[in-house]
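First the structure, in the form of structure tokens, and then the observations on it.
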Amino acid sequence: MEVVLRPVNDLFLKEVVFPAFKAGVVDAVPAVEFLLRHLEDEETCITLEMMLERGIDGSFYGMTDEKWSKAVYRLLFIEWMKDSGGWVIGHEYEGYAGDWEDTLHLALMLEDANYPYAEPEKARKFRQGFFERPNEKRGLASLVCGAWNPVPDFPPDQVLTLQGHGEYAPQQGIARADWAWRPLHGVNMWAAQLPNALSRLLQREGKRLKPVDAPERHDVLEYWLGRVKEPPVLAVSFSGLGPQANKWIREIGQLAHVIRAAAAAEQGLTSVISFHGSHDHSYEF
């Protein structure tokens, strides 16, 4: 099971995509027609027009038409820009893709000082508890778990359904799905907090390694902050990262890069959890 994080144009979501999704959970036809009135991308429009020609019965919920899946992925994961005629596609965003549980592990390392990442069984139980009840104060980790903040005015699991995981109780501030979104102001906050979060993680590792010294800590931080392109070769594996320390250091750097890049481009972030045909539809720990 994997998770993909990509930047997204917040204005496009708010003006075009989310209004269409809200309408489509009631009746898919006017929702698709709404999209066609605002989009100027030929490939996406042809896909949507073919759906209308073939006939659409009901809402987006449970829709298995592969053309709809293709259209949704283009709406959510490719850069859209507004011109005089409507919304057009720029290019596909650079994103982050990783094993879902590993990514949750890294996000919690960055965001929660109480996460026992160096103790595998305790860390597994912590992740399980976090997934069952994500803490919205841990923004990146909760995004990876498919939790929305703010809660949208449509049930997101009824629009893009990968394996049917979802929960929608807006009065209680709950929205969960196999995909989620965070607006620009949230991404900006994460980007501003990143240097301190990364530094604190290295400080925790430094204390854990004592009396052994980790001379590469400064170089690791420089890589995580995007000041150098490649991570250092470690003489001592950081304890919490385990024997795959070099891999985790590179992936934390990639996560940090996506967050910084989205903030710099004034974009939000979307996540989607993919299962690649697994017959096990539950989240395993």
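Residues in the structure tokens are numbered from 1 in each chain, the chains being A, B, ... in the order shown, and ligands are numbered from 1 in the order shown.
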Name all residues at most 12 Å from A:Glu222 (count only C-alpha atoms; drop same-chain ones fewer than 4 positions away) and give them as a CSV table (one decimal) with N, CA and C atoms, in the first residue's frame.
chain,number,residue,atom,x,y,z
A,195,PRO,N,12.0,23.6,9.7
A,195,PRO,CA,13.4,23.7,10.2
A,195,PRO,C,13.5,23.3,11.7
A,198,LEU,N,12.8,19.4,12.1
A,198,LEU,CA,13.9,18.6,11.6
A,198,LEU,C,15.1,18.7,12.6
A,199,SER,N,15.3,19.9,13.1
A,199,SER,CA,16.4,20.1,14.1
A,199,SER,C,16.1,19.3,15.4
A,202,LEU,N,16.8,15.6,15.0
A,202,LEU,CA,18.2,15.3,15.1
A,202,LEU,C,18.7,15.4,16.5
A,216,GLU,N,27.7,13.4,11.4
A,216,GLU,CA,27.1,13.9,10.1
A,216,GLU,C,25.8,14.7,10.4
A,217,ARG,N,25.4,14.9,11.7
A,217,ARG,CA,24.2,15.6,12.0
A,217,ARG,C,24.0,16.9,11.2
A,218,HIS,N,25.0,17.7,11.2
A,218,HIS,CA,24.9,19.0,10.5
A,218,HIS,C,24.7,18.8,9.0
A,226,GLY,N,17.3,21.3,2.3
A,226,GLY,CA,17.4,21.6,0.8
A,226,GLY,C,18.6,22.4,0.5
A,227,ARG,N,19.6,22.5,1.3
A,227,ARG,CA,20.8,23.3,1.0
A,227,ARG,C,21.8,22.6,0.3
A,228,VAL,N,21.8,21.2,0.3
A,228,VAL,CA,22.6,20.4,-0.5
A,228,VAL,C,21.8,19.3,-1.1
A,229,LYS,N,22.2,18.8,-2.3
A,229,LYS,CA,21.3,17.9,-3.1
A,229,LYS,C,21.3,16.5,-2.6
A,230,GLU,N,22.4,16.0,-2.0
A,230,GLU,CA,22.6,14.6,-1.6
A,230,GLU,C,22.8,14.5,-0.1
A,231,PRO,N,22.3,13.5,0.5
A,231,PRO,CA,22.5,13.2,1.9
A,231,PRO,C,23.9,12.7,2.2
A,232,PRO,N,24.5,12.9,3.4
A,232,PRO,CA,25.8,12.4,3.6
A,232,PRO,C,25.8,10.9,3.8
A,249,ILE,N,16.6,8.9,5.8
A,249,ILE,CA,17.1,10.2,5.7
A,249,ILE,C,16.8,10.8,4.4
A,250,ARG,N,16.9,10.0,3.3
A,250,ARG,CA,16.6,10.5,2.0
A,250,ARG,C,15.1,10.8,1.8
A,253,GLY,N,14.0,13.9,3.6
A,253,GLY,CA,14.4,15.0,2.7
A,253,GLY,C,13.4,15.2,1.6
A,256,ALA,N,10.2,16.8,3.0
A,256,ALA,CA,10.4,18.2,3.3
A,256,ALA,C,10.5,19.0,2.0
Excluding same-chain residues fewer than 5 positions from stretch 36-50 of chain A, what lies within 12 Å of it counting only C-alpha atoms, as a PyMOL selection string?
chain A and resi 12-13+15-17+19-20+28-31+55-56+65-76+78-91
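Counting from atom CA of A:Val233, the distance to atom CA of A:Tyr115 is 25.8 Å.
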I want to know what sits within 7 Å of stretch 258-275 of chain A, based on only C-alpha atoms, with residues of the same chain fewer than 4 positions away left out; could you give that as a ChimeraX atom specification?
/A:1-10,95-96,143-144,178-184,187-188,191,254
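Atom pair atom CA of A:Ala141 / atom CA of A:Leu106 has a distance of 8.4 Å (rounded to one decimal).
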Hey, what does DSSP flag as helix (DSSP H, G or I) within stretch 11-243 of chain A? Can you give it to me as a ChimeraX atom specification?
/A:11-24,28-38,42-54,66-77,100-111,120-132,139-144,156-158,170-172,184-209,217-224,239-243
Name the residues of stretch 58-254 of chain A that come out as strand (DSSP E) in a backbone DSSP run; write them as a PyMOL selection string.
chain A and resi 78-83+86-92+96-99+167-169+174-176+179-182
